[in-house]
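A.B. asks: Handing you a structure now.
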Amino acid sequence: MTKLHGTSRSRSARSLWALEELGVSYEHLPMPTTDAKSPAHLKLNPNGHVPVLEDDGAVVWESMAINLYLAEKYGKNSLWPSDPAARAEIYKWSFWAITEVEPHLLTLLRNRVMAPPDQRDEKAAQAAVEALKAPMNALEESLKGKEFLLGKNFTIADLNVAAVMSWMPMMKLDLSSTPNVAAWLQKCLGREANKKVRGLK
Ligand SMILES: N[C@@H](CCC(=O)N[C@@H](CS)C(=O)NCC(=O)O)C(=O)O
């Protein structure tokens with residue numbers, strides 16, 4: 001039995017996208033983030049966060065770890081290539097997304113969307129926009145002449161990176177100086193599996 005805890009309006013969307021893309025049969029428990037510190041949920045994830053995956057007795061938390069686990073278990077010959085060098089690319093891009101990109105996007109999200117207007121810090125938001133330029137240029141270079149991060153095929157690397165960057169359109173970030181990134185992100189986010197997740201609770 002496979003269960004995914006967490007509303008799609010959270011980082012759980014990343015793992016719901018992976019489950020949909022891989023065609024896994026699962027139960028979605030759309031727990032709101034406000035319940036993540038409940039005693040029952042803390043037993044599953046001592047950090048009190050979503051998403052959490054339960055899969056045949058395994059309990060996995062951290063969205064990237066969940067997605068790498070799902071791809072390895074269910075993604076043979078599709079999202080999860082067999083070559084260790086290709087897998088290294090997948091680890092590289094997945095960790096890159098949560099270390100080099102996500103912190104700046106969180107700063108932007110907080111200061112342009114989530115915080116009440118009188119508590120927003122536009123200077124911090126501007127600094128985050130500046131800080132995103134270097135990783136976006138690196139991604140732009142890496143996508144040159146390629147359909148997806150590893151070449152012709154969409155893999156869990158694309159899903160993980162695009163899922164982290166999925167907050168960008170909402171914040172209307174200008175990607176016109178990195179056209180490969182803009183086109184690739186649109187292509188990834190436009191996949192049916194991701195569109196389905198956006199309609200979930
Ligand atoms: N690094 C974790 C972050 C998880 C996280 O912070 N999730 C948020 C929702 S997006 C959460 O559960 N917040 C509830 C809380 O902190 O009480 C991951 O990627 O899974």
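Residues are named by chain letter and number: chains run A, B, ... in the order of the structure tokens, numbers start at 1 in each chain, and ligands are numbered from 1 in the order shown.
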Mind dumping a table of every chain A residue within 7 Å of ligand 1, with the nearest atom pair and its distance in Å to one decimal, using only C-alpha atoms and all ligand atoms, sorted by chain and rising number, as a tab-separated table?
C.D. replies:
residue	atom	partner	partner_atom_place_in_ligand_line	distance
A:Ser10	CA	ligand 1	10 (S)	4.0
A:Arg11	CA	ligand 1	10 (S)	4.2
A:Ser12	CA	ligand 1	10 (S)	6.8
A:Thr33	CA	ligand 1	14 (C)	4.4
A:Thr34	CA	ligand 1	17 (O)	5.8
A:Ala36	CA	ligand 1	17 (O)	5.2
A:Lys37	CA	ligand 1	17 (O)	5.7
A:Gly48	CA	ligand 1	17 (O)	5.8
A:His49	CA	ligand 1	12 (O)	3.1
A:Val50	CA	ligand 1	12 (O)	4.0
A:Pro51	CA	ligand 1	20 (O)	5.5
A:Trp61	CA	ligand 1	20 (O)	6.1
A:Glu62	CA	ligand 1	20 (O)	3.4
A:Ser63	CA	ligand 1	20 (O)	3.8
A:Met64	CA	ligand 1	19 (O)	6.1
A.B. asks: Write a file of the selected residues as an mmCIF file, in the first residue's frame, keeping all heavy atoms.
C.D. replies:
data_model
loop_
_atom_site.group_PDB
_atom_site.id
_atom_site.type_symbol
_atom_site.label_atom_id
_atom_site.label_comp_id
_atom_site.auth_asym_id
_atom_site.auth_seq_id
_atom_site.Cartn_x
_atom_site.Cartn_y
_atom_site.Cartn_z
ATOM 1 N N SER A 10 1.519 22.377 -1.170
ATOM 2 C CA SER A 10 2.736 22.349 -0.344
ATOM 3 C C SER A 10 3.799 21.633 -1.179
ATOM 4 O O SER A 10 3.540 21.238 -2.326
ATOM 5 C CB SER A 10 2.483 21.569 0.954
ATOM 6 O OG SER A 10 2.371 20.179 0.677
ATOM 7 N N ARG A 11 4.958 21.384 -0.568
ATOM 8 C CA ARG A 11 5.993 20.642 -1.297
ATOM 9 C C ARG A 11 5.538 19.217 -1.620
ATOM 10 O O ARG A 11 6.195 18.514 -2.381
ATOM 11 C CB ARG A 11 7.274 20.598 -0.488
ATOM 12 C CG ARG A 11 8.031 21.938 -0.415
ATOM 13 C CD ARG A 11 9.240 21.721 0.451
ATOM 14 N NE ARG A 11 10.097 22.864 0.674
ATOM 15 C CZ ARG A 11 9.890 23.767 1.630
ATOM 16 N NH1 ARG A 11 8.808 23.702 2.382
ATOM 17 N NH2 ARG A 11 10.758 24.750 1.801
ATOM 18 N N SER A 12 4.427 18.778 -1.031
ATOM 19 C CA SER A 12 3.892 17.453 -1.372
ATOM 20 C C SER A 12 3.574 17.351 -2.865
ATOM 21 O O SER A 12 3.553 16.245 -3.421
ATOM 22 C CB SER A 12 2.625 17.170 -0.569
ATOM 23 O OG SER A 12 2.891 17.311 0.802
ATOM 24 N N THR A 33 -0.871 21.797 5.944
ATOM 25 C CA THR A 33 0.424 21.994 6.620
ATOM 26 C C THR A 33 0.216 22.387 8.089
ATOM 27 O O THR A 33 1.075 22.121 8.925
ATOM 28 C CB THR A 33 1.256 23.083 5.916
ATOM 29 O OG1 THR A 33 0.442 24.237 5.786
ATOM 30 C CG2 THR A 33 1.715 22.645 4.564
ATOM 31 N N THR A 34 -0.942 22.974 8.400
ATOM 32 C CA THR A 34 -1.221 23.379 9.793
ATOM 33 C C THR A 34 -1.372 22.168 10.717
ATOM 34 O O THR A 34 -1.300 22.321 11.932
ATOM 35 C CB THR A 34 -2.520 24.225 9.845
ATOM 36 O OG1 THR A 34 -3.494 23.583 9.017
ATOM 37 C CG2 THR A 34 -2.275 25.630 9.363
ATOM 38 N N ALA A 36 0.682 19.533 10.462
ATOM 39 C CA ALA A 36 1.930 18.764 10.349
ATOM 40 C C ALA A 36 2.644 18.552 11.684
ATOM 41 O O ALA A 36 3.526 17.705 11.788
ATOM 42 C CB ALA A 36 2.867 19.447 9.347
ATOM 43 N N LYS A 37 2.257 19.347 12.702
ATOM 44 C CA LYS A 37 2.905 19.182 14.022
ATOM 45 C C LYS A 37 2.011 18.370 14.975
ATOM 46 O O LYS A 37 2.251 18.358 16.185
ATOM 47 C CB LYS A 37 3.207 20.558 14.647
ATOM 48 C CG LYS A 37 4.145 21.448 13.807
ATOM 49 C CD LYS A 37 5.597 21.015 13.903
ATOM 50 C CE LYS A 37 6.566 21.985 13.271
ATOM 51 N NZ LYS A 37 6.601 21.999 11.809
ATOM 52 N N GLY A 48 7.883 17.210 11.660
ATOM 53 C CA GLY A 48 6.573 17.852 11.554
ATOM 54 C C GLY A 48 6.381 18.553 10.230
ATOM 55 O O GLY A 48 5.899 19.693 10.163
ATOM 56 N N HIS A 49 6.745 17.887 9.161
ATOM 57 C CA HIS A 49 6.614 18.452 7.815
ATOM 58 C C HIS A 49 5.921 17.465 6.878
ATOM 59 O O HIS A 49 5.936 16.246 7.121
ATOM 60 C CB HIS A 49 7.997 18.757 7.211
ATOM 61 C CG HIS A 49 8.709 19.903 7.842
ATOM 62 N ND1 HIS A 49 10.087 19.997 7.857
ATOM 63 C CD2 HIS A 49 8.256 21.010 8.475
ATOM 64 C CE1 HIS A 49 10.449 21.107 8.466
ATOM 65 N NE2 HIS A 49 9.354 21.744 8.861
ATOM 66 N N VAL A 50 5.364 18.006 5.803
ATOM 67 C CA VAL A 50 4.928 17.183 4.675
ATOM 68 C C VAL A 50 5.823 17.546 3.492
ATOM 69 O O VAL A 50 6.381 18.641 3.467
ATOM 70 C CB VAL A 50 3.437 17.435 4.323
ATOM 71 C CG1 VAL A 50 2.545 16.921 5.427
ATOM 72 C CG2 VAL A 50 3.134 18.900 4.019
ATOM 73 N N PRO A 51 5.966 16.648 2.520
ATOM 74 C CA PRO A 51 5.295 15.365 2.356
ATOM 75 C C PRO A 51 5.932 14.245 3.178
ATOM 76 O O PRO A 51 7.102 14.330 3.563
ATOM 77 C CB PRO A 51 5.486 15.070 0.862
ATOM 78 C CG PRO A 51 6.800 15.707 0.528
ATOM 79 C CD PRO A 51 6.842 16.959 1.370
ATOM 80 N N TRP A 61 10.524 10.652 4.322
ATOM 81 C CA TRP A 61 10.227 12.078 4.278
ATOM 82 C C TRP A 61 11.378 12.804 3.599
ATOM 83 O O TRP A 61 12.396 12.193 3.313
ATOM 84 C CB TRP A 61 9.896 12.669 5.646
ATOM 85 C CG TRP A 61 10.615 12.151 6.859
ATOM 86 C CD1 TRP A 61 10.153 11.223 7.739
ATOM 87 C CD2 TRP A 61 11.906 12.547 7.365
ATOM 88 N NE1 TRP A 61 11.055 11.018 8.748
ATOM 89 C CE2 TRP A 61 12.143 11.825 8.553
ATOM 90 C CE3 TRP A 61 12.880 13.449 6.925
ATOM 91 C CZ2 TRP A 61 13.316 11.962 9.303
ATOM 92 C CZ3 TRP A 61 14.048 13.597 7.666
ATOM 93 C CH2 TRP A 61 14.249 12.859 8.850
ATOM 94 N N GLU A 62 11.220 14.074 3.324
ATOM 95 C CA GLU A 62 12.066 14.915 2.455
ATOM 96 C C GLU A 62 11.646 14.651 1.004
ATOM 97 O O GLU A 62 11.855 13.552 0.469
ATOM 98 C CB GLU A 62 13.571 14.663 2.629
ATOM 99 C CG GLU A 62 14.193 15.362 3.829
ATOM 100 C CD GLU A 62 14.085 16.876 3.779
ATOM 101 O OE1 GLU A 62 14.132 17.456 2.673
ATOM 102 O OE2 GLU A 62 13.913 17.486 4.843
ATOM 103 N N SER A 63 11.091 15.691 0.390
ATOM 104 C CA SER A 63 10.499 15.537 -0.945
ATOM 105 C C SER A 63 11.475 14.945 -1.974
ATOM 106 O O SER A 63 11.088 14.086 -2.776
ATOM 107 C CB SER A 63 9.956 16.880 -1.437
ATOM 108 O OG SER A 63 10.948 17.888 -1.363
ATOM 109 N N MET A 64 12.742 15.381 -1.934
ATOM 110 C CA MET A 64 13.688 14.859 -2.931
ATOM 111 C C MET A 64 13.987 13.381 -2.675
ATOM 112 O O MET A 64 14.104 12.577 -3.606
ATOM 113 C CB MET A 64 15.000 15.646 -2.907
ATOM 114 C CG MET A 64 14.903 17.060 -3.384
ATOM 115 S SD MET A 64 14.573 17.240 -5.147
ATOM 116 C CE MET A 64 13.054 18.177 -5.097
#
A.B. asks: Skip Ala18 in chain A itself and residues of its chain fewer than 5 positions away, then list as a PDB file with N, CA, C and O atoms, in the first residue's frame all residues within 9 Å of it, counting only C-alpha atoms.
C.D. replies:
ATOM      1  N   ALA A  13       3.315  18.501  -3.506  1.00  0.00           N
ATOM      2  CA  ALA A  13       3.013  18.496  -4.950  1.00  0.00           C
ATOM      3  C   ALA A  13       4.139  17.811  -5.731  1.00  0.00           C
ATOM      4  O   ALA A  13       3.894  17.137  -6.735  1.00  0.00           O
ATOM      5  N   GLY A  23       2.879   6.440 -12.598  1.00  0.00           N
ATOM      6  CA  GLY A  23       1.709   5.576 -12.695  1.00  0.00           C
ATOM      7  C   GLY A  23       1.532   4.653 -11.498  1.00  0.00           C
ATOM      8  O   GLY A  23       0.964   3.559 -11.627  1.00  0.00           O
ATOM      9  N   VAL A  24       2.001   5.093 -10.325  1.00  0.00           N
ATOM     10  CA  VAL A  24       1.855   4.276  -9.102  1.00  0.00           C
ATOM     11  C   VAL A  24       0.425   4.435  -8.590  1.00  0.00           C
ATOM     12  O   VAL A  24      -0.130   5.533  -8.606  1.00  0.00           O
ATOM     13  N   ILE A  66      11.993  11.236  -1.242  1.00  0.00           N
ATOM     14  CA  ILE A  66      10.796  10.485  -1.657  1.00  0.00           C
ATOM     15  C   ILE A  66      10.837  10.255  -3.173  1.00  0.00           C
ATOM     16  O   ILE A  66      10.629   9.137  -3.663  1.00  0.00           O
ATOM     17  N   ASN A  67      11.139  11.332  -3.921  1.00  0.00           N
ATOM     18  CA  ASN A  67      11.094  11.208  -5.389  1.00  0.00           C
ATOM     19  C   ASN A  67      12.194  10.297  -5.933  1.00  0.00           C
ATOM     20  O   ASN A  67      11.971   9.537  -6.876  1.00  0.00           O
ATOM     21  N   LEU A  70      11.020   6.783  -5.140  1.00  0.00           N
ATOM     22  CA  LEU A  70       9.941   6.354  -6.050  1.00  0.00           C
ATOM     23  C   LEU A  70      10.488   6.044  -7.442  1.00  0.00           C
ATOM     24  O   LEU A  70      10.111   5.045  -8.066  1.00  0.00           O
ATOM     25  N   ALA A  71      11.396   6.897  -7.912  1.00  0.00           N
ATOM     26  CA  ALA A  71      11.942   6.678  -9.263  1.00  0.00           C
ATOM     27  C   ALA A  71      12.733   5.374  -9.304  1.00  0.00           C
ATOM     28  O   ALA A  71      12.637   4.599 -10.262  1.00  0.00           O
ATOM     29  N   ILE A 156      13.620  11.908 -13.623  1.00  0.00           N
ATOM     30  CA  ILE A 156      13.282  12.445 -12.304  1.00  0.00           C
ATOM     31  C   ILE A 156      14.118  13.702 -12.001  1.00  0.00           C
ATOM     32  O   ILE A 156      13.706  14.531 -11.184  1.00  0.00           O
ATOM     33  N   LEU A 159      11.973  16.471 -13.276  1.00  0.00           N
ATOM     34  CA  LEU A 159      10.806  16.628 -12.393  1.00  0.00           C
ATOM     35  C   LEU A 159      11.209  17.345 -11.102  1.00  0.00           C
ATOM     36  O   LEU A 159      10.558  18.298 -10.677  1.00  0.00           O
ATOM     37  N   ASN A 160      12.312  16.907 -10.493  1.00  0.00           N
ATOM     38  CA  ASN A 160      12.713  17.502  -9.210  1.00  0.00           C
ATOM     39  C   ASN A 160      13.079  18.974  -9.358  1.00  0.00           C
ATOM     40  O   ASN A 160      12.689  19.808  -8.533  1.00  0.00           O
ATOM     41  N   ALA A 193       0.784  14.842 -15.934  1.00  0.00           N
ATOM     42  CA  ALA A 193       0.861  14.384 -14.536  1.00  0.00           C
ATOM     43  C   ALA A 193       0.923  15.580 -13.584  1.00  0.00           C
ATOM     44  O   ALA A 193       0.295  15.577 -12.520  1.00  0.00           O
ATOM     45  N   ASN A 194       1.651  16.621 -13.955  1.00  0.00           N
ATOM     46  CA  ASN A 194       1.745  17.804 -13.093  1.00  0.00           C
ATOM     47  C   ASN A 194       0.436  18.576 -13.093  1.00  0.00           C
ATOM     48  O   ASN A 194      -0.026  19.031 -12.051  1.00  0.00           O
TER      49      ASN A 194
END
A.B. asks: Which residue, A:Lys133, A:Lys196, A:Lys76, A:Arg112, has the smallest gap to Val181 in chain A when you use only C-alpha atoms?
C.D. replies: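 Among the listed residues, A:Lys133 lies closest to Val181 in chain A.
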A.B. asks: Can you tell me which residues surround Glu140 in chain A at a distance of at most 9 Å, considering only C-alpha atoms, apart from same-chain residues fewer than 6 positions away, and format the answer as a PyMOL selection string?
C.D. replies: chain A and resi 178-182
A.B. asks: For a quick check of understanding, using only C-alpha atoms, which of A:Leu189, A:Ala134, A:Val161, A:Val129 has the smallest distance to Tyr91 in chain A?
C.D. replies: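 The answer is A:Val161, which sits nearest to Tyr91 in chain A.
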